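To be precise, the following lines are structure_11.cif, and they hold mmCIF, C-alpha atoms.
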data_upload
loop_
_atom_site.group_PDB
_atom_site.id
_atom_site.type_symbol
_atom_site.label_atom_id
_atom_site.label_comp_id
_atom_site.auth_asym_id
_atom_site.auth_seq_id
_atom_site.Cartn_x
_atom_site.Cartn_y
_atom_site.Cartn_z
ATOM 1 C CA MET A 1 0.000 0.000 0.000
ATOM 2 C CA PRO A 2 1.429 3.408 -0.942
ATOM 3 C CA ILE A 3 1.979 5.818 1.905
ATOM 4 C CA THR A 4 -0.575 8.629 1.792
ATOM 5 C CA LEU A 5 -1.841 11.133 4.336
ATOM 6 C CA ASP A 6 -4.883 8.876 4.904
ATOM 7 C CA TYR A 7 -2.545 5.946 5.522
ATOM 8 C CA LEU A 8 -0.557 8.055 8.023
ATOM 9 C CA GLN A 9 -3.781 9.029 9.795
ATOM 10 C CA ALA A 10 -4.787 5.378 10.150
ATOM 11 C CA ARG A 11 -1.337 4.367 11.473
ATOM 12 C CA LEU A 12 -1.243 7.289 13.933
ATOM 13 C CA LYS A 13 -4.529 6.077 15.455
ATOM 14 C CA GLU A 14 -2.795 2.776 16.258
ATOM 15 C CA TRP A 15 0.548 4.226 17.396
ATOM 16 C CA LYS A 16 1.344 4.162 21.103
ATOM 17 C CA GLY A 17 4.966 5.328 20.859
ATOM 18 C CA VAL A 18 4.522 8.267 23.229
ATOM 19 C CA GLU A 19 2.922 8.387 26.692
ATOM 20 C CA LEU A 20 0.505 11.099 25.515
ATOM 21 C CA ALA A 21 -1.193 8.515 23.278
ATOM 22 C CA ARG A 22 -2.699 6.925 26.406
ATOM 23 C CA THR A 23 -4.502 10.106 27.486
ATOM 24 C CA ALA A 24 -5.180 12.059 24.279
ATOM 25 C CA ASN A 25 -6.533 11.582 20.772
ATOM 26 C CA PRO A 26 -4.237 11.602 17.735
ATOM 27 C CA VAL A 27 -4.296 14.770 15.641
ATOM 28 C CA LEU A 28 -2.598 14.609 12.250
ATOM 29 C CA GLY A 29 -2.468 17.614 9.969
ATOM 30 C CA GLU A 30 -5.106 18.574 7.436
ATOM 31 C CA GLY A 31 -5.607 20.735 4.415
ATOM 32 C CA ASN A 32 -4.424 20.726 0.839
ATOM 33 C CA PRO A 33 -2.289 17.580 0.397
ATOM 34 C CA HIS A 34 -0.329 19.384 -2.357
ATOM 35 C CA ALA A 35 -0.042 22.752 -0.622
ATOM 36 C CA ASP A 36 2.890 25.042 -1.294
ATOM 37 C CA ILE A 37 2.638 26.324 2.291
ATOM 38 C CA MET A 38 2.661 24.216 5.450
ATOM 39 C CA PHE A 39 1.928 25.755 8.856
ATOM 40 C CA ILE A 40 3.279 23.841 11.849
ATOM 41 C CA GLY A 41 2.315 24.491 15.465
ATOM 42 C CA GLU A 42 3.547 22.842 18.638
ATOM 43 C CA ALA A 43 0.768 20.462 19.798
ATOM 44 C CA PRO A 44 -3.014 20.087 19.806
ATOM 45 C CA GLY A 45 -5.059 21.919 22.427
ATOM 46 C CA GLN A 46 -8.321 20.884 24.060
ATOM 47 C CA LYS A 47 -10.596 21.597 21.063
ATOM 48 C CA GLU A 48 -8.134 19.903 18.706
ATOM 49 C CA ASN A 49 -8.038 16.846 20.977
ATOM 50 C CA GLU A 50 -11.850 16.713 21.043
ATOM 51 C CA GLN A 51 -12.304 17.133 17.278
ATOM 52 C CA GLY A 52 -9.171 15.319 16.064
ATOM 53 C CA ARG A 53 -8.267 18.323 13.873
ATOM 54 C CA PRO A 54 -5.448 20.878 14.152
ATOM 55 C CA PHE A 55 -6.051 24.561 14.931
ATOM 56 C CA VAL A 56 -9.814 24.511 15.542
ATOM 57 C CA GLY A 57 -9.881 26.373 18.879
ATOM 58 C CA ALA A 58 -9.330 30.076 19.539
ATOM 59 C CA ALA A 59 -5.813 30.007 18.026
ATOM 60 C CA GLY A 60 -7.254 28.304 14.948
ATOM 61 C CA LYS A 61 -9.867 31.019 14.541
ATOM 62 C CA LEU A 62 -7.114 33.629 14.663
ATOM 63 C CA LEU A 63 -5.058 31.606 12.167
ATOM 64 C CA ASN A 64 -8.078 31.538 9.812
ATOM 65 C CA GLU A 65 -8.399 35.325 10.168
ATOM 66 C CA LEU A 66 -4.687 35.774 9.462
ATOM 67 C CA LEU A 67 -4.898 33.557 6.374
ATOM 68 C CA GLU A 68 -7.917 35.486 5.092
ATOM 69 C CA SER A 69 -6.058 38.773 5.648
ATOM 70 C CA ILE A 70 -3.639 37.737 2.868
ATOM 71 C CA GLY A 71 -6.179 36.094 0.572
ATOM 72 C CA LEU A 72 -5.726 32.470 1.648
ATOM 73 C CA LYS A 73 -8.072 29.853 3.112
ATOM 74 C CA ARG A 74 -7.390 26.751 5.194
ATOM 75 C CA ASP A 75 -8.062 24.680 2.056
ATOM 76 C CA ASP A 76 -5.125 26.413 0.333
ATOM 77 C CA VAL A 77 -2.544 25.356 2.919
ATOM 78 C CA TYR A 78 -1.621 22.345 5.041
ATOM 79 C CA ILE A 79 -1.751 22.748 8.834
ATOM 80 C CA SER A 80 -0.132 20.424 11.347
ATOM 81 C CA ASN A 81 1.705 20.242 14.676
ATOM 82 C CA VAL A 82 5.041 18.877 15.824
ATOM 83 C CA VAL A 83 3.463 16.795 18.610
ATOM 84 C CA LYS A 84 0.444 14.760 17.549
ATOM 85 C CA TYR A 85 -1.246 14.476 20.973
ATOM 86 C CA ARG A 86 -2.393 17.099 23.485
ATOM 87 C CA PRO A 87 -0.096 17.432 26.497
ATOM 88 C CA PRO A 88 -2.055 17.442 29.800
ATOM 89 C CA GLN A 89 -3.276 20.879 30.918
ATOM 90 C CA ASN A 90 -1.893 22.290 27.656
ATOM 91 C CA ARG A 91 1.645 22.245 29.065
ATOM 92 C CA ASP A 92 4.583 22.680 26.706
ATOM 93 C CA PRO A 93 5.557 19.457 24.961
ATOM 94 C CA THR A 94 8.729 17.858 26.271
ATOM 95 C CA ASP A 95 11.804 17.305 24.112
ATOM 96 C CA GLN A 96 11.115 13.550 24.339
ATOM 97 C CA GLU A 97 7.550 14.025 23.065
ATOM 98 C CA LYS A 98 8.734 16.238 20.220
ATOM 99 C CA GLN A 99 11.412 13.696 19.212
ATOM 100 C CA ALA A 100 8.965 10.777 19.405
ATOM 101 C CA CYS A 101 6.481 12.549 17.118
ATOM 102 C CA LEU A 102 9.064 13.960 14.695
ATOM 103 C CA PRO A 103 8.880 11.015 12.240
ATOM 104 C CA TRP A 104 5.147 11.711 11.770
ATOM 105 C CA LEU A 105 5.815 15.354 10.957
ATOM 106 C CA LEU A 106 8.662 14.461 8.606
ATOM 107 C CA ALA A 107 6.377 11.983 6.825
ATOM 108 C CA GLU A 108 3.748 14.706 6.395
ATOM 109 C CA ILE A 109 6.350 17.091 4.994
ATOM 110 C CA ALA A 110 7.618 14.403 2.605
ATOM 111 C CA LEU A 111 4.097 13.702 1.336
ATOM 112 C CA VAL A 112 2.914 17.321 1.036
ATOM 113 C CA GLN A 113 6.267 18.625 -0.298
ATOM 114 C CA PRO A 114 5.666 22.274 0.575
ATOM 115 C CA ARG A 115 7.923 25.012 -0.810
ATOM 116 C CA LEU A 116 7.390 27.070 2.337
ATOM 117 C CA ILE A 117 7.191 25.882 5.949
ATOM 118 C CA VAL A 118 5.786 28.312 8.501
ATOM 119 C CA PRO A 119 6.731 27.213 12.025
ATOM 120 C CA LEU A 120 4.325 28.826 14.478
ATOM 121 C CA GLY A 121 6.162 29.468 17.735
ATOM 122 C CA ARG A 122 9.407 28.375 19.321
ATOM 123 C CA HIS A 123 8.637 24.651 19.609
ATOM 124 C CA ALA A 124 7.993 24.284 15.887
ATOM 125 C CA LEU A 125 10.873 26.601 14.981
ATOM 126 C CA GLY A 126 13.296 24.479 17.020
ATOM 127 C CA HIS A 127 12.966 21.587 14.556
ATOM 128 C CA PHE A 128 14.094 23.676 11.632
ATOM 129 C CA LEU A 129 16.321 26.407 13.063
ATOM 130 C CA PRO A 130 17.382 25.333 16.562
ATOM 131 C CA ASP A 131 19.934 28.114 17.011
ATOM 132 C CA ILE A 132 17.564 31.013 16.332
ATOM 133 C CA THR A 133 14.921 32.400 18.690
ATOM 134 C CA ILE A 134 11.403 33.109 17.499
ATOM 135 C CA THR A 135 11.824 36.720 18.639
ATOM 136 C CA ASN A 136 14.759 37.178 16.247
ATOM 137 C CA ALA A 137 13.436 35.021 13.401
ATOM 138 C CA HIS A 138 9.728 35.858 13.092
ATOM 139 C CA GLY A 139 8.654 37.354 9.789
ATOM 140 C CA LYS A 140 11.978 36.645 8.044
ATOM 141 C CA PRO A 141 12.368 33.917 5.409
ATOM 142 C CA GLN A 142 15.239 31.478 5.965
ATOM 143 C CA LYS A 143 16.592 28.902 3.513
ATOM 144 C CA LEU A 144 17.060 25.388 4.855
ATOM 145 C CA MET A 145 20.343 23.740 3.992
ATOM 146 C CA ASN A 146 19.090 20.176 4.453
ATOM 147 C CA MET A 147 15.812 20.575 2.515
ATOM 148 C CA ASP A 148 16.526 21.668 -1.034
ATOM 149 C CA GLY A 149 14.228 24.398 -2.262
ATOM 150 C CA VAL A 150 12.334 24.791 1.023
ATOM 151 C CA THR A 151 12.117 28.138 2.796
ATOM 152 C CA VAL A 152 11.187 28.492 6.454
ATOM 153 C CA PHE A 153 9.166 31.565 7.425
ATOM 154 C CA PRO A 154 8.911 31.595 11.248
ATOM 155 C CA MET A 155 6.051 33.355 13.032
ATOM 156 C CA TYR A 156 4.727 33.698 16.531
ATOM 157 C CA HIS A 157 2.094 31.127 17.449
ATOM 158 C CA PRO A 158 -1.433 32.570 17.189
ATOM 159 C CA ALA A 159 -2.078 31.457 20.789
ATOM 160 C CA ALA A 160 0.747 33.752 21.932
ATOM 161 C CA ALA A 161 -1.117 36.703 20.404
ATOM 162 C CA LEU A 162 -4.268 35.678 22.277
ATOM 163 C CA TYR A 163 -2.402 35.868 25.593
ATOM 164 C CA ASN A 164 -0.221 38.840 24.708
ATOM 165 C CA GLY A 165 -2.194 41.412 22.735
ATOM 166 C CA GLY A 166 1.024 43.185 21.736
ATOM 167 C CA LEU A 167 1.949 40.227 19.524
ATOM 168 C CA ARG A 168 -1.281 40.422 17.522
ATOM 169 C CA GLU A 169 -0.021 43.334 15.428
ATOM 170 C CA SER A 170 3.322 41.570 14.907
ATOM 171 C CA LEU A 171 1.486 38.486 13.688
ATOM 172 C CA PHE A 172 -0.579 40.479 11.189
ATOM 173 C CA ASP A 173 2.627 42.254 10.068
ATOM 174 C CA ASP A 174 4.319 38.866 9.608
ATOM 175 C CA PHE A 175 1.410 37.631 7.490
ATOM 176 C CA THR A 176 1.685 40.782 5.371
ATOM 177 C CA ALA A 177 5.407 40.007 4.958
ATOM 178 C CA LEU A 178 4.487 36.426 4.062
ATOM 179 C CA ARG A 179 2.135 37.672 1.322
ATOM 180 C CA ALA A 180 4.893 39.934 -0.034
ATOM 181 C CA PHE A 181 7.329 37.011 0.017
ATOM 182 C CA LEU A 182 4.848 34.753 -1.821
ATOM 183 C CA ASP A 183 4.201 37.461 -4.427
ATOM 184 C CA SER A 184 7.951 37.893 -4.964
ATOM 185 C CA GLN A 185 8.302 34.153 -5.649
ATOM 186 C CA SER A 186 5.644 33.944 -8.391
#

Using structure tokens, write down the structure that the file contains.
Amino acid sequence: MPITLDYLQARLKEWKGVELARTANPVLGEGNPHADIMFIGEAPGQKENEQGRPFVGAAGKLLNELLESIGLKRDDVYISNVVKYRPPQNRDPTDQEKQACLPWLLAEIALVQPRLIVPLGRHALGHFLPDITITNAHGKPQKLMNMDGVTVFPMYHPAAALYNGGLRESLFDDFTALRAFLDSQS
């Protein structure tokens, strides 16, 4: 059987390779399976755990608004998370949990083959640019040396803007910069 996103989803439902799998539901990414842009967050929250879909809570609503602000819809992009299960009480995922779930994310990236990866927040950014902070990297495209032709465009996580209103404007500015970057590439 060829490996597809549906196949990954089915295997993830069976996978028990991380302790979180005992207490939470699996949440694989969703969206356009051939998207040029892939957004990657840190881990599912409560609403995502309940619905089995990424970015459907308050942060997801803000992400939808941000996408619409630059003429995109969820169906135009692919949205996922580094960790595929909700950590208890929405705590930060541990390094062990991120490492355990990394093969799932890498499989999604390999299947979708995006030209642009948008890590949302420091946990997602750490997989691609571990030596750069989100504060210094947000809104600036970075070429990846180990992924030919892929650009990383880090941004703050939408949830951070919900808790810190000062980041909301930065996030909208970063999406405006993302639109300008996309336009410069066409």

- Query: Can you list what the PyMOL selection byres ((chain A and resi 175) around 9) grabs from this structure, as a list in words?
  - Reply: Leu66, Leu67, Ser69, Ile70, Gly139, Met155, Ser170, Leu171, Phe172, Asp173, Asp174, Thr176, Ala177, Leu178, Arg179 and Ala180 of chain A

- Have a look at A:Leu120, A:Ala24, A:Val112, A:Val77 and name the one nearest to Ile3 in chain A; count only C-alpha atoms. A:Val112

- Item | Residues within 6 Å of (6.5, 31.8, 2.7), file coords, all atoms listed in the file, listed as a ChimeraX atom specification | /A:116,153,178,181-182

- Query: What is the CA of Asn32 in chain A to CA of Ala161 in chain A distance in Å?
  - Reply: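 Computed distance, CA of Asn32 in chain A to CA of Ala161 in chain A, equals 25.5 Å.
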
- Could you work out how far CA of His34 in chain A lies from CA of Tyr156 in chain A, giving the answer in Å with one decimal?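 Between CA of Tyr156 in chain A and CA of His34 in chain A the gap is 24.2 Å.
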
- Write out as a list in words the residues lying within 12 Å of Leu106 in chain A, counting all atoms listed in the file and excluding same-chain residues fewer than 2 positions away. Leu5, Leu8, Leu28, Gly29, Met38, Ile40, Ser80, Asn81, Val82, Val83, Lys98, Gln99, Ala100, Cys101, Leu102, Pro103, Trp104, Glu108, Ile109, Ala110, Leu111, Val112, Gln113, Pro114, Ile117, His127, Phe128 and Met147 of chain A

- What gap, in Å, lies between CA of Ala43 in chain A and CA of Ile79 in chain A?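 For CA of Ala43 in chain A relative to CA of Ile79 in chain A, the distance reads 11.5 Å.
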
Selection dump of the PyMOL selection byres ((chain A and resi 21) around 12), as a short mmCIF file (atom, residue, chain, number, x, y, z; two decimals) with C-alpha atoms, in the frame of the given file:
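Listing of selection_2.cif after writing:
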data_model
loop_
_atom_site.label_atom_id
_atom_site.label_comp_id
_atom_site.auth_asym_id
_atom_site.auth_seq_id
_atom_site.Cartn_x
_atom_site.Cartn_y
_atom_site.Cartn_z
CA LEU A 12 -1.24 7.29 13.93
CA LYS A 13 -4.53 6.08 15.46
CA GLU A 14 -2.80 2.78 16.26
CA TRP A 15 0.55 4.23 17.40
CA LYS A 16 1.34 4.16 21.10
CA GLY A 17 4.97 5.33 20.86
CA VAL A 18 4.52 8.27 23.23
CA GLU A 19 2.92 8.39 26.69
CA LEU A 20 0.50 11.10 25.52
CA ARG A 22 -2.70 6.92 26.41
CA THR A 23 -4.50 10.11 27.49
CA ALA A 24 -5.18 12.06 24.28
CA ASN A 25 -6.53 11.58 20.77
CA PRO A 26 -4.24 11.60 17.74
CA VAL A 27 -4.30 14.77 15.64
CA ASN A 49 -8.04 16.85 20.98
CA VAL A 83 3.46 16.80 18.61
CA LYS A 84 0.44 14.76 17.55
CA TYR A 85 -1.25 14.48 20.97
CA ARG A 86 -2.39 17.10 23.48
CA PRO A 87 -0.10 17.43 26.50
CA PRO A 88 -2.06 17.44 29.80
CA GLU A 97 7.55 14.02 23.06
CA ALA A 100 8.96 10.78 19.40
CA CYS A 101 6.48 12.55 17.12
#

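Nearest residue to Gly149 in chain A among A:Leu105, A:His123, A:Gln185, A:Lys61 is A:Gln185, counting only C-alpha atoms.
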
First collect every listed atom of range 150-167 of chain A; then fit an axis-aligned box around them, widen it by 6 Å on each side, and give centre and edge lengths in Å to one decimal, as lines of an AutoDock Vina configuration file.
center_x = 4.0
center_y = 34.0
center_z = 13.3
size_x = 28.6
size_y = 30.4
size_z = 36.6

- What do you get, as a PyMOL selection string, if you spell out every residue that the PyMOL selection byres ((chain A and resi 76) around 9) selects here? chain A and resi 31-32+34-37+72-75+77-78

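Here the question is which of A:Phe39, A:Ala10, A:Asp131, A:Gly71 gets nearest to Asp183 in chain A using all atoms listed in the file, and that residue is A:Gly71.
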
- Query: Pick the closest to Thr94 in chain A from A:Glu68, A:Asp148, A:Glu42, A:Glu48: which is it, counting all atoms listed in the file?
  - Reply: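 Of A:Glu68, A:Asp148, A:Glu42, A:Glu48, the one nearest Thr94 in chain A is A:Glu42, counting all atoms listed in the file.
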
- Message: If we count all atoms listed in the file and set the cut-off at 9 Å, which residues sit around Thr133 in chain A, ignoring sequence neighbours fewer than 6 positions away in its own chain? Please answer as a list of chain:residue names.
- Response: A:Arg122, A:Leu125, A:Gly126

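With distances taken over all atoms listed in the file, A:Val118 is the one residue among A:Ala124, A:Leu167, A:Val118, A:Ala137 lying closest to Val150 in chain A.
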